[in-house]
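Student: Supplied in structure tokens, the structure appears directly below.
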Amino acid sequence: MEQLNETTSQRFILLGLSTDPQLQIIFFIVFLIMYLMTISGNLLLIIVVRTNPTLQSPMFFFLTNLSFIDICFSTSIVPVLLMNTLAKDKSISLFGCAAQMYVSLGLGATESIILASMAYDRFAAICRPLHYTTIISRTLCFYLAALSWSVGFINSFVQIYLTFQLPFCKYVETNHYFCEVPAFIQMSCGDTFFNELSIYITGGIIAGSSFFLILISYFHIISKILKIISSHGRQKSFSTCASHLTVVTLYFGTVMSMYLRPHSKKYSQYSIETDKVVPILYTTVTPMLNPLIYSIRNNDVKNAVVNQLKKRQFY
């Protein structure tokens, strides 16, 4: 099979979610609606938090970071998916593919650390309420956010560099809907052992440690909640924790199932199709749900939204 090691003219063909014209139309409508909901929900949250003086706390600082990540994450993937779904030419340039891979991978890793930072913030607020302002200072929030973005995109640069050092077949088709590292490892005509090892190590450090920190934080949070005398207070706290943990488990479970497993080239058709479905959860579903789970259930946010709407209606 002819190989191509290095060329700027190489193009990759994204086969998308389906070749059935009727299903393509359905997918286009569904993903367009989900994308609009993601953008509007997260943008509304950012505007409300930034314009409301009562929401200038560490929790909402991390929430706005998460919302901005979700907007950028979806925008790096869904518009290309929508165009390719109905287009006859489903190819993407080497540069376009590398850019999409770099942005989406960087934002995904950043989101993992931001979610861990949010869990630590909730732990400090519930388990150490008297020392909360001392533990979670503005300086610490800034450093945690800067660390999240820096680690995410440094890791992304390393993974993209290693991925595009691999030799690819000249006319490359990937049975996927966006440029993702595991799918490109499958397409390589060369030895991918070092690439897979790199994914396991960095994925274990970033996603694994973030998820572990979240579980530890919520273990202490739930232990603290069980000591609450009021049954109404316990129920309310458990409801919020369950919602957060559902989204966290959905996000980390799907991400780790894609990146922290063997990427053997001898895939069954079932595995290939599964690898197209699983990323939908963390690239489109989770970014859409995050503003609902993390903010709409919060009374402070709901009151701020109502006040904003009343002001606009008055003027």
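Here's how to read the names in the structure tokens: chain A, B, ... by the order shown, residue numbers from 1 in each chain, ligand numbers from 1 in the order shown.
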Neighbouring residues of A:Thr283 were defined as those with any atom within 8 Å, considering only C-alpha atoms; residues of the same chain fewer than 2 positions away were excluded. Please report them as a PyMOL selection string.

Tutor: chain A and resi 73-74+77+279-281+285-287

Student: Env of stretch 80-87 of chain A: 9 Å cut, atoms = only C-alpha atoms, seq-sep filter 6 positions within chain, self excluded. Answer as a list in words.

Tutor: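 Everything that qualifies: Leu14, Leu15, Gly16, Leu17, Ser18, Thr19, Pro21, Gln24, Ile25, Phe27, Phe28, Ile29, Phe31, Leu32, Tyr177 and Phe178 of chain A.
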
Student: Store the residues picked out above, limited to N, CA and C atoms, as a PDB file, in the first residue's frame.

Tutor:
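result.pdb was written with the following content:
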ATOM      1  N   LEU A  14     -13.615  12.187   5.727  1.00  0.00           N
ATOM      2  CA  LEU A  14     -14.425  11.850   6.895  1.00  0.00           C
ATOM      3  C   LEU A  14     -15.747  11.261   6.409  1.00  0.00           C
ATOM      4  N   LEU A  15     -15.939   9.979   6.611  1.00  0.00           N
ATOM      5  CA  LEU A  15     -17.133   9.314   6.101  1.00  0.00           C
ATOM      6  C   LEU A  15     -18.400   9.722   6.832  1.00  0.00           C
ATOM      7  N   GLY A  16     -18.251  10.260   8.040  1.00  0.00           N
ATOM      8  CA  GLY A  16     -19.413  10.774   8.767  1.00  0.00           C
ATOM      9  C   GLY A  16     -20.160   9.694   9.526  1.00  0.00           C
ATOM     10  N   LEU A  17     -21.365  10.027   9.958  1.00  0.00           N
ATOM     11  CA  LEU A  17     -22.155   9.120  10.786  1.00  0.00           C
ATOM     12  C   LEU A  17     -22.937   8.093   9.978  1.00  0.00           C
ATOM     13  N   SER A  18     -23.316   8.454   8.743  1.00  0.00           N
ATOM     14  CA  SER A  18     -24.112   7.528   7.936  1.00  0.00           C
ATOM     15  C   SER A  18     -24.015   7.918   6.459  1.00  0.00           C
ATOM     16  N   THR A  19     -24.191   6.934   5.587  1.00  0.00           N
ATOM     17  CA  THR A  19     -24.228   7.187   4.147  1.00  0.00           C
ATOM     18  C   THR A  19     -25.662   7.184   3.623  1.00  0.00           C
ATOM     19  N   PRO A  21     -29.018   8.810   2.849  1.00  0.00           N
ATOM     20  CA  PRO A  21     -29.455  10.210   2.686  1.00  0.00           C
ATOM     21  C   PRO A  21     -30.525  10.640   3.682  1.00  0.00           C
ATOM     22  N   GLN A  24     -28.950  11.085   7.024  1.00  0.00           N
ATOM     23  CA  GLN A  24     -28.104  12.275   7.013  1.00  0.00           C
ATOM     24  C   GLN A  24     -28.915  13.529   7.317  1.00  0.00           C
ATOM     25  N   ILE A  25     -30.108  13.613   6.753  1.00  0.00           N
ATOM     26  CA  ILE A  25     -30.978  14.769   7.017  1.00  0.00           C
ATOM     27  C   ILE A  25     -31.398  14.796   8.485  1.00  0.00           C
ATOM     28  N   PHE A  27     -29.784  13.419  11.043  1.00  0.00           N
ATOM     29  CA  PHE A  27     -28.604  13.762  11.834  1.00  0.00           C
ATOM     30  C   PHE A  27     -28.313  15.260  11.761  1.00  0.00           C
ATOM     31  N   PHE A  28     -28.466  15.838  10.575  1.00  0.00           N
ATOM     32  CA  PHE A  28     -28.206  17.267  10.403  1.00  0.00           C
ATOM     33  C   PHE A  28     -29.134  18.097  11.299  1.00  0.00           C
ATOM     34  N   ILE A  29     -30.415  17.764  11.303  1.00  0.00           N
ATOM     35  CA  ILE A  29     -31.385  18.515  12.102  1.00  0.00           C
ATOM     36  C   ILE A  29     -31.122  18.339  13.598  1.00  0.00           C
ATOM     37  N   PHE A  31     -28.308  17.424  15.195  1.00  0.00           N
ATOM     38  CA  PHE A  31     -27.063  18.036  15.664  1.00  0.00           C
ATOM     39  C   PHE A  31     -27.110  19.560  15.567  1.00  0.00           C
ATOM     40  N   LEU A  32     -27.851  20.090  14.624  1.00  0.00           N
ATOM     41  CA  LEU A  32     -28.010  21.544  14.547  1.00  0.00           C
ATOM     42  C   LEU A  32     -28.767  22.055  15.775  1.00  0.00           C
ATOM     43  N   TYR A 177     -16.505  11.089  12.186  1.00  0.00           N
ATOM     44  CA  TYR A 177     -17.115  12.347  11.755  1.00  0.00           C
ATOM     45  C   TYR A 177     -16.268  13.572  12.095  1.00  0.00           C
ATOM     46  N   PHE A 178     -15.139  13.366  12.793  1.00  0.00           N
ATOM     47  CA  PHE A 178     -14.185  14.461  12.988  1.00  0.00           C
ATOM     48  C   PHE A 178     -12.800  13.880  13.199  1.00  0.00           C
TER      49      PHE A 178
END

Student: Mind checking DSSP for stretch 161-264 of chain A and telling me the strand (DSSP E) residues as a VMD selection string?

Tutor: chain A and resid 168 to 169 172 to 174

Student: Could you write those residues out with all heavy atoms, as a PDB file, in the first residue's frame?

Tutor:
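The resulting file, selection.pdb, is reproduced below:
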ATOM      1  N   PHE A 168       0.836   7.725   6.664  1.00  0.00           N
ATOM      2  CA  PHE A 168      -0.549   7.413   6.323  1.00  0.00           C
ATOM      3  C   PHE A 168      -0.621   6.959   4.873  1.00  0.00           C
ATOM      4  O   PHE A 168       0.214   7.323   4.041  1.00  0.00           O
ATOM      5  CB  PHE A 168      -1.460   8.630   6.519  1.00  0.00           C
ATOM      6  CG  PHE A 168      -1.556   9.088   7.938  1.00  0.00           C
ATOM      7  CD1 PHE A 168      -0.880  10.213   8.362  1.00  0.00           C
ATOM      8  CD2 PHE A 168      -2.318   8.381   8.851  1.00  0.00           C
ATOM      9  CE1 PHE A 168      -0.950  10.640   9.672  1.00  0.00           C
ATOM     10  CE2 PHE A 168      -2.409   8.803  10.164  1.00  0.00           C
ATOM     11  CZ  PHE A 168      -1.723   9.930  10.577  1.00  0.00           C
ATOM     12  N   CYS A 169      -1.647   6.179   4.583  1.00  0.00           N
ATOM     13  CA  CYS A 169      -1.880   5.770   3.206  1.00  0.00           C
ATOM     14  C   CYS A 169      -2.252   7.007   2.382  1.00  0.00           C
ATOM     15  O   CYS A 169      -2.821   7.960   2.899  1.00  0.00           O
ATOM     16  CB  CYS A 169      -3.006   4.743   3.139  1.00  0.00           C
ATOM     17  SG  CYS A 169      -2.682   3.299   4.167  1.00  0.00           S
ATOM     18  N   VAL A 172      -6.688   8.441   2.178  1.00  0.00           N
ATOM     19  CA  VAL A 172      -7.088   7.961   3.491  1.00  0.00           C
ATOM     20  C   VAL A 172      -8.547   8.275   3.778  1.00  0.00           C
ATOM     21  O   VAL A 172      -8.983   9.421   3.676  1.00  0.00           O
ATOM     22  CB  VAL A 172      -6.203   8.595   4.589  1.00  0.00           C
ATOM     23  CG1 VAL A 172      -6.552   7.999   5.947  1.00  0.00           C
ATOM     24  CG2 VAL A 172      -4.740   8.352   4.293  1.00  0.00           C
ATOM     25  N   GLU A 173      -9.289   7.239   4.120  1.00  0.00           N
ATOM     26  CA  GLU A 173     -10.666   7.396   4.568  1.00  0.00           C
ATOM     27  C   GLU A 173     -10.737   6.993   6.035  1.00  0.00           C
ATOM     28  O   GLU A 173     -10.178   5.979   6.437  1.00  0.00           O
ATOM     29  CB  GLU A 173     -11.618   6.508   3.756  1.00  0.00           C
ATOM     30  CG  GLU A 173     -11.803   6.954   2.325  1.00  0.00           C
ATOM     31  CD  GLU A 173     -12.852   6.113   1.608  1.00  0.00           C
ATOM     32  OE1 GLU A 173     -13.258   5.066   2.183  1.00  0.00           O
ATOM     33  OE2 GLU A 173     -13.253   6.473   0.502  1.00  0.00           O
ATOM     34  N   THR A 174     -11.421   7.786   6.834  1.00  0.00           N
ATOM     35  CA  THR A 174     -11.643   7.436   8.234  1.00  0.00           C
ATOM     36  C   THR A 174     -13.137   7.351   8.503  1.00  0.00           C
ATOM     37  O   THR A 174     -13.889   8.265   8.144  1.00  0.00           O
ATOM     38  CB  THR A 174     -10.997   8.461   9.193  1.00  0.00           C
ATOM     39  OG1 THR A 174     -11.392   8.161  10.530  1.00  0.00           O
ATOM     40  CG2 THR A 174     -11.394   9.893   8.866  1.00  0.00           C
TER      41      THR A 174
END

Student: Which residues are near stretch 41-55 of chain A? Cut-off 6 Å, only C-alpha atoms, ignore same chain within fewer than 6 positions. Put them as a list of chain:residue names.

Tutor: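 These residues fall inside the cut-off: A:Thr64, A:Ser67, A:Pro291.
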
Student: Residues at most 7 Å from stretch 210-223 of chain A, counting only C-alpha atoms, excluding those fewer than 2 positions away in the same chain, as a list in words?

Tutor: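 The filter keeps Ser112, Ile113, Ala116, Ala119, Tyr120, Phe123, Ile126, Cys127, Ile206, Ala207, Gly208, Ile225, Leu226, Lys227 and Phe252 of chain A.
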
Student: Just list the residues in stretch 80-258 of chain A DSSP gives alpha helix (DSSP H) on the backbone, as a PyMOL selection string.

Tutor: chain A and resi 80-86+94-127+132-135+138-163+181-187+193-203+209-225+231-258

Student: Could you tell me how far atom CA of A:Leu107 sits from atom CA of A:Lys302, in Å to one decimal place?

Tutor: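 The value is 27.2 Å.
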
Student: I'd like the neighbourhood of A:Phe95 as an NGL selection string, where a residue qualifies if any of its atoms comes within 9 Å (using only C-alpha atoms), though same-chain residues fewer than 3 positions away should be ignored.

Tutor: :A and (8 or 11 or 92 or 98-100)

Student: Write the residues you've just listed into a file as a JSON list (two decimals), in the first residue's frame, and include C-alpha atoms for each of them.

Tutor:
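What follows is the written file selection-v8.json:
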[["chain", "number", "residue", "atom", "x", "y", "z"],
["A", 8, "THR", "CA", 0.74, 19.58, 2.80],
["A", 11, "ARG", "CA", -6.52, 15.28, 2.35],
["A", 92, "ILE", "CA", -10.65, 17.81, 4.91],
["A", 98, "ALA", "CA", -4.64, 19.01, 12.50],
["A", 99, "ALA", "CA", -6.24, 22.29, 13.68],
["A", 100, "GLN", "CA", -9.51, 20.57, 14.59]]

Student: Distance atom CA of A:Lys276-atom CA of A:Val151, one decimal place?

Tutor: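 Between atom CA of A:Lys276 and atom CA of A:Val151 the gap works out to 26.4 Å.
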
Student: Kindly give the distance, in Å, that separates atom CA of A:Ser150 and atom CA of A:Thr110, rounded to a single decimal.

Tutor: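 Between these atoms lies a distance of 8.0 Å.
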